[in-house]
Amino acid sequence: MFKDLLKEMEKLKKTSFSVPIEIDEKGYLDRQCPSEECLFQFKVNQDDWSEICKDEAIWCPLCRHEAPSDHWYTLEHIEHGKSEAMAVLEGRIHNAMKSGAQKFNRSQSKNSFISMSLEVKGGKKRTHVIPARAAEEMQLDIQCEACMTRFAVIGSAYFCPACGHNSVLQTYSDSLRKIRAKKNNVETVREALTSSVGKDDAELTCRSLIETCISDGVVAFQKYCEGLYAPFGPAPRNAFQRLKHGSDLWFKAVQKKYDDWLSPDELLGLAVLFQKRHILAHNEGIVDADYLKKSGDTVYREGQRIVVSERDINDLLSALDKLGNGLKAACQSIED
């Protein structure tokens with residue numbers, strides 16, 4: 001009995017286990033950031049993983065953590081691999097013991113006064129691994145503009161896993177999408193919080209959520225402009241938070257100004273929203289003489305607190321979309 005077991009144990013010393021990983025229906029592999037502070041899950045096209053991605057370095061699309069390619073298995077992959085290795089190990093040992101017991105029983109003489117038999121309970125167990133199943137498809141498909149790697153995420157992504165490239169266009173698009181998501185889900189958040197923590201906390205949270213949309217939009221536009229403007233030289237610090245200053249810089253670079261894409265009313269409304277962002281960030285939203293002078297806002301008097309409405313967010317998103325698309329086209333025409 002023990003001969004088969006000992007032979008199998010010797011074979012196992014030289015054996016390694018490889019557990020295949022399935023791809024999803026779109027041909028994407030599941031991956032996860034190995035940084036314990038992040039653990040962001042994403043997918044990479046299988047062909048691009050083997051043909052574009054390099055063994056020495058992969059980057060997390062969310063935090064840009066860098067690690068060799070064999071560090072990006074998901075926690076589910078790792079646990080599945082461990083359980084499959086143990087199942088195969090147990091199966092091979094069990095089958096070796098069962099085979100040995102059968103040989104021992106056949107070797108016993110039926111005419112002997114004393115007879116012995118051995119039994120290993122259970123039928124033969126599997127000695128093959130089962131592939132790790134693919135997670136469900138992710139909704140946001142992205143292709144890196146630098147190396148053309150295709151990857152997919154839930155939520156947002158800022159960096160290409162194959163080359164670490166930070167796409168200005170993708171980041172700006174994600175930022176505006178995040179603002180839309182905040183605005184569109186305020187009532188859902190309010191209802192959930194009202195039932196769990198009460199009306200007061202729900203109202204404070206939702207008001208803060210809406211007000212941060214203004215700040216998010218201004219910062220996103222600033223970063224977007226800084227990225228697009230980089231080929232033309234360094235821009236003064238925070239220049240694109242000041243609409244007139246930013247518009248003048250773009251005119252020198254691409255011979256286009258903001259009023260080429262926005263009507264006078266849209267541009268005036270955007271100026272008010274930019275000043276609302278400033279007063280929220282630096283004066284808790286309390287109107288002062290400086291705000292009234294710079295914004296031209298006639299709705300408020302000094303000492304009042306501004307109110308950010310859903311219409312404000314819609315106007316902001318509309319203006320930023322138009323400016324973003326216009327600036328992208330203008331920069332591309334210069335490159336061409």
# chains A, B, ... in the order shown; residues from 1 in each chain; ligands from 1
call {"tool": "residues_around", "arguments": {"residues": "segment 40-44 of chain A", "least_positions_apart": "4", "cutoff": "6 Å", "atoms": "only C-alpha atoms", "output": "list in words"}}
result
Tyr28, Leu29, Asp30, Arg31, Gln32, Cys33, Phe151, Ala152 and Val153 of chain A
call {"tool": "residues_around", "arguments": {"residues": "Ala202 of chain A", "least_positions_apart": "6", "cutoff": "6 Å", "atoms": "only C-alpha atoms", "output": "VMD selection string"}}
result
chain A and resid 190 193 to 194
call {"tool": "write_last_selection", "arguments": {"atoms": "C-alpha atoms", "output": "CSV table (one decimal), in the first residue's frame"}}
result
chain,number,residue,atom,x,y,z
A,190,ARG,CA,-31.4,62.0,0.9
A,193,LEU,CA,-30.1,59.1,5.0
A,194,THR,CA,-33.4,60.4,6.2
call {"tool": "residues_around", "arguments": {"residues": "segment 212-223 of chain A", "least_positions_apart": "3", "cutoff": "9 Å", "atoms": "only C-alpha atoms", "output": "number ranges by chain"}}
result
A: 168, 171-172, 175-176, 178-180, 182-183, 207-209, 226-228, 238-241, 273-274, 276-278, 280-281, 308, 312-313, 316-317, 320, 323-324
call {"tool": "write_last_selection", "arguments": {"atoms": "C-alpha atoms", "output": "JSON list (two decimals), in the first residue's frame"}}
result
[["chain", "number", "residue", "atom", "x", "y", "z"],
["A", 168, "VAL", "CA", -6.00, 64.16, -19.72],
["A", 171, "THR", "CA", -9.58, 62.04, -16.55],
["A", 172, "TYR", "CA", -11.66, 65.07, -17.54],
["A", 175, "SER", "CA", -14.55, 63.96, -13.55],
["A", 176, "LEU", "CA", -17.60, 65.34, -15.33],
["A", 178, "LYS", "CA", -18.64, 61.88, -11.39],
["A", 179, "ILE", "CA", -20.32, 65.29, -11.03],
["A", 180, "ARG", "CA", -23.34, 64.08, -13.00],
["A", 182, "LYS", "CA", -23.53, 63.16, -7.65],
["A", 183, "LYS", "CA", -26.25, 65.43, -8.98],
["A", 207, "ARG", "CA", -26.24, 70.21, 0.45],
["A", 208, "SER", "CA", -22.53, 69.50, 0.84],
["A", 209, "LEU", "CA", -22.72, 66.94, -1.98],
["A", 226, "GLU", "CA", -3.03, 72.43, -17.71],
["A", 227, "GLY", "CA", -2.65, 69.06, -19.42],
["A", 228, "LEU", "CA", -3.74, 70.31, -22.85],
["A", 238, "ASN", "CA", -3.98, 78.40, -11.14],
["A", 239, "ALA", "CA", -4.36, 80.47, -14.33],
["A", 240, "PHE", "CA", -7.24, 78.34, -15.55],
["A", 241, "GLN", "CA", -9.28, 79.02, -12.41],
["A", 273, "LEU", "CA", -20.15, 79.68, -10.81],
["A", 274, "PHE", "CA", -16.34, 79.99, -10.67],
["A", 276, "LYS", "CA", -19.21, 80.66, -6.14],
["A", 277, "ARG", "CA", -16.57, 77.98, -5.96],
["A", 278, "HIS", "CA", -14.07, 80.53, -4.64],
["A", 280, "LEU", "CA", -17.35, 78.36, -0.86],
["A", 281, "ALA", "CA", -13.71, 77.36, -0.56],
["A", 308, "VAL", "CA", -26.02, 76.03, -5.21],
["A", 312, "ASP", "CA", -26.22, 75.59, -11.40],
["A", 313, "ILE", "CA", -24.71, 72.10, -11.80],
["A", 316, "LEU", "CA", -21.68, 74.14, -15.18],
["A", 317, "LEU", "CA", -21.61, 70.74, -16.88],
["A", 320, "LEU", "CA", -17.48, 72.62, -19.28],
["A", 323, "LEU", "CA", -15.22, 74.25, -23.54],
["A", 324, "GLY", "CA", -13.64, 70.82, -23.19]]
call {"tool": "closest_atom_pairs", "arguments": {"of": "segment 247-272 of chain A", "to": "segment 325-336 of chain A", "cutoff": "8 Å", "atoms": "only C-alpha atoms", "output": "CSV"}}
result
residue,atom,partner,partner_atom,distance
A:Val254,CA,A:Ala330,CA,6.2
A:Lys256,CA,A:Ala330,CA,7.5
A:Trp261,CA,A:Gly326,CA,6.5
call {"tool": "select_by_dssp", "arguments": {"residues": "segment 11-259 of chain A", "states": "strand (DSSP E or B)", "output": "list in words"}}
result
Ile21, Tyr28, Leu29, Asp30, Arg31, Gln32, Gln41, Phe42, Lys43, Val44, Asn45, Lys54, Ala57, Ile58, Trp59, Glu66, Ala67, Ala132, Leu140, Asp141, Ile142, Gln143, Arg150, Phe151, Ala152, Val153, Phe159 and Asn166 of chain A
call {"tool": "write_last_selection", "arguments": {"atoms": "C-alpha atoms", "output": "PDB file, in the first residue's frame"}}
result
ATOM      1  CA  ILE A  21      -7.954  31.870 -15.330  1.00  0.00           C
ATOM      2  CA  TYR A  28     -10.854  40.458 -20.694  1.00  0.00           C
ATOM      3  CA  LEU A  29      -8.796  39.122 -17.776  1.00  0.00           C
ATOM      4  CA  ASP A  30      -9.546  40.048 -14.167  1.00  0.00           C
ATOM      5  CA  ARG A  31      -6.802  41.942 -12.350  1.00  0.00           C
ATOM      6  CA  GLN A  32      -6.453  43.618  -8.939  1.00  0.00           C
ATOM      7  CA  GLN A  41     -10.211  45.660  -9.410  1.00  0.00           C
ATOM      8  CA  PHE A  42     -10.087  46.086 -13.194  1.00  0.00           C
ATOM      9  CA  LYS A  43      -9.822  44.060 -16.402  1.00  0.00           C
ATOM     10  CA  VAL A  44      -7.328  43.990 -19.260  1.00  0.00           C
ATOM     11  CA  ASN A  45      -7.867  42.599 -22.740  1.00  0.00           C
ATOM     12  CA  LYS A  54       5.411  44.028 -19.887  1.00  0.00           C
ATOM     13  CA  ALA A  57       5.881  46.591 -14.610  1.00  0.00           C
ATOM     14  CA  ILE A  58       2.101  47.004 -14.535  1.00  0.00           C
ATOM     15  CA  TRP A  59       0.374  50.117 -13.171  1.00  0.00           C
ATOM     16  CA  GLU A  66       3.656  49.752  -9.882  1.00  0.00           C
ATOM     17  CA  ALA A  67       4.532  46.047  -9.617  1.00  0.00           C
ATOM     18  CA  ALA A 132     -10.858  30.376 -11.931  1.00  0.00           C
ATOM     19  CA  LEU A 140     -16.504  51.388 -18.613  1.00  0.00           C
ATOM     20  CA  ASP A 141     -14.244  50.273 -21.495  1.00  0.00           C
ATOM     21  CA  ILE A 142     -11.129  52.384 -22.096  1.00  0.00           C
ATOM     22  CA  GLN A 143      -8.360  52.321 -24.697  1.00  0.00           C
ATOM     23  CA  ARG A 150      -7.732  48.063 -23.837  1.00  0.00           C
ATOM     24  CA  PHE A 151      -8.915  47.821 -20.253  1.00  0.00           C
ATOM     25  CA  ALA A 152     -12.152  48.096 -18.295  1.00  0.00           C
ATOM     26  CA  VAL A 153     -13.119  49.431 -14.863  1.00  0.00           C
ATOM     27  CA  PHE A 159      -3.748  55.517 -15.589  1.00  0.00           C
ATOM     28  CA  ASN A 166      -2.366  59.537 -17.476  1.00  0.00           C
TER      29      ASN A 166
END
call {"tool": "atom_distance", "arguments": {"atom1": "atom CA of Val287 of chain A", "atom2": "atom CA of Arg242 of chain A"}}
result
18.4 Å
call {"tool": "atom_distance", "arguments": {"atom1": "atom CA of Pro34 of chain A", "atom2": "atom CA of Thr74 of chain A"}}
result
8.2 Å
call {"tool": "closest_residue", "arguments": {"among": "A:Glu302, A:Asp47, A:Asp321, A:Asp174", "to": "Gly155 of chain A", "atoms": "only C-alpha atoms"}}
result
A:Asp174
call {"tool": "select_by_dssp", "arguments": {"residues": "segment 113-297 of chain A", "states": "alpha helix (DSSP H)", "output": "VMD selection string"}}
result
chain A and resid 168 to 184 186 to 197 199 to 229 243 to 254 264 to 283 289 to 295
call {"tool": "residues_around", "arguments": {"residues": "His80 of chain A", "least_positions_apart": "3", "cutoff": "10 Å", "atoms": "only C-alpha atoms", "output": "ChimeraX atom specification"}}
result
/A:19,21,74-77,83-86,129-133
call {"tool": "atom_distance", "arguments": {"atom1": "atom CA of Cys38 of chain A", "atom2": "atom CA of Asp201 of chain A"}}
result
29.0 Å
call {"tool": "residues_around", "arguments": {"residues": "Asp259 of chain A", "least_positions_apart": "6", "cutoff": "9 Å", "atoms": "only C-alpha atoms", "output": "MDAnalysis selection string"}}
result
chainID A and resid 247 266:267
call {"tool": "residues_around", "arguments": {"residues": "Asp290 of chain A", "least_positions_apart": "4", "cutoff": "10 Å", "atoms": "only C-alpha atoms", "output": "CSV table (one decimal) with N, CA and C atoms, in the first residue's frame"}}
result
chain,number,residue,atom,x,y,z
A,275,GLN,N,-16.8,82.0,-9.3
A,275,GLN,CA,-16.7,82.8,-8.1
A,275,GLN,C,-17.5,82.1,-6.9
A,279,ILE,N,-15.8,81.4,-3.2
A,279,ILE,CA,-16.4,81.9,-2.0
A,279,ILE,C,-16.7,80.7,-1.1
A,294,LYS,N,-16.3,90.7,-8.5
A,294,LYS,CA,-15.8,89.8,-9.5
A,294,LYS,C,-16.8,89.0,-10.2
A,295,SER,N,-17.9,88.7,-9.6
A,295,SER,CA,-18.9,87.8,-10.2
A,295,SER,C,-19.9,88.6,-11.0
A,296,GLY,N,-20.2,89.8,-10.6
A,296,GLY,CA,-21.3,90.5,-11.2
A,296,GLY,C,-22.7,90.0,-10.8
A,302,GLU,N,-24.2,91.5,0.2
A,302,GLU,CA,-23.1,91.2,1.1
A,302,GLU,C,-23.7,90.6,2.4
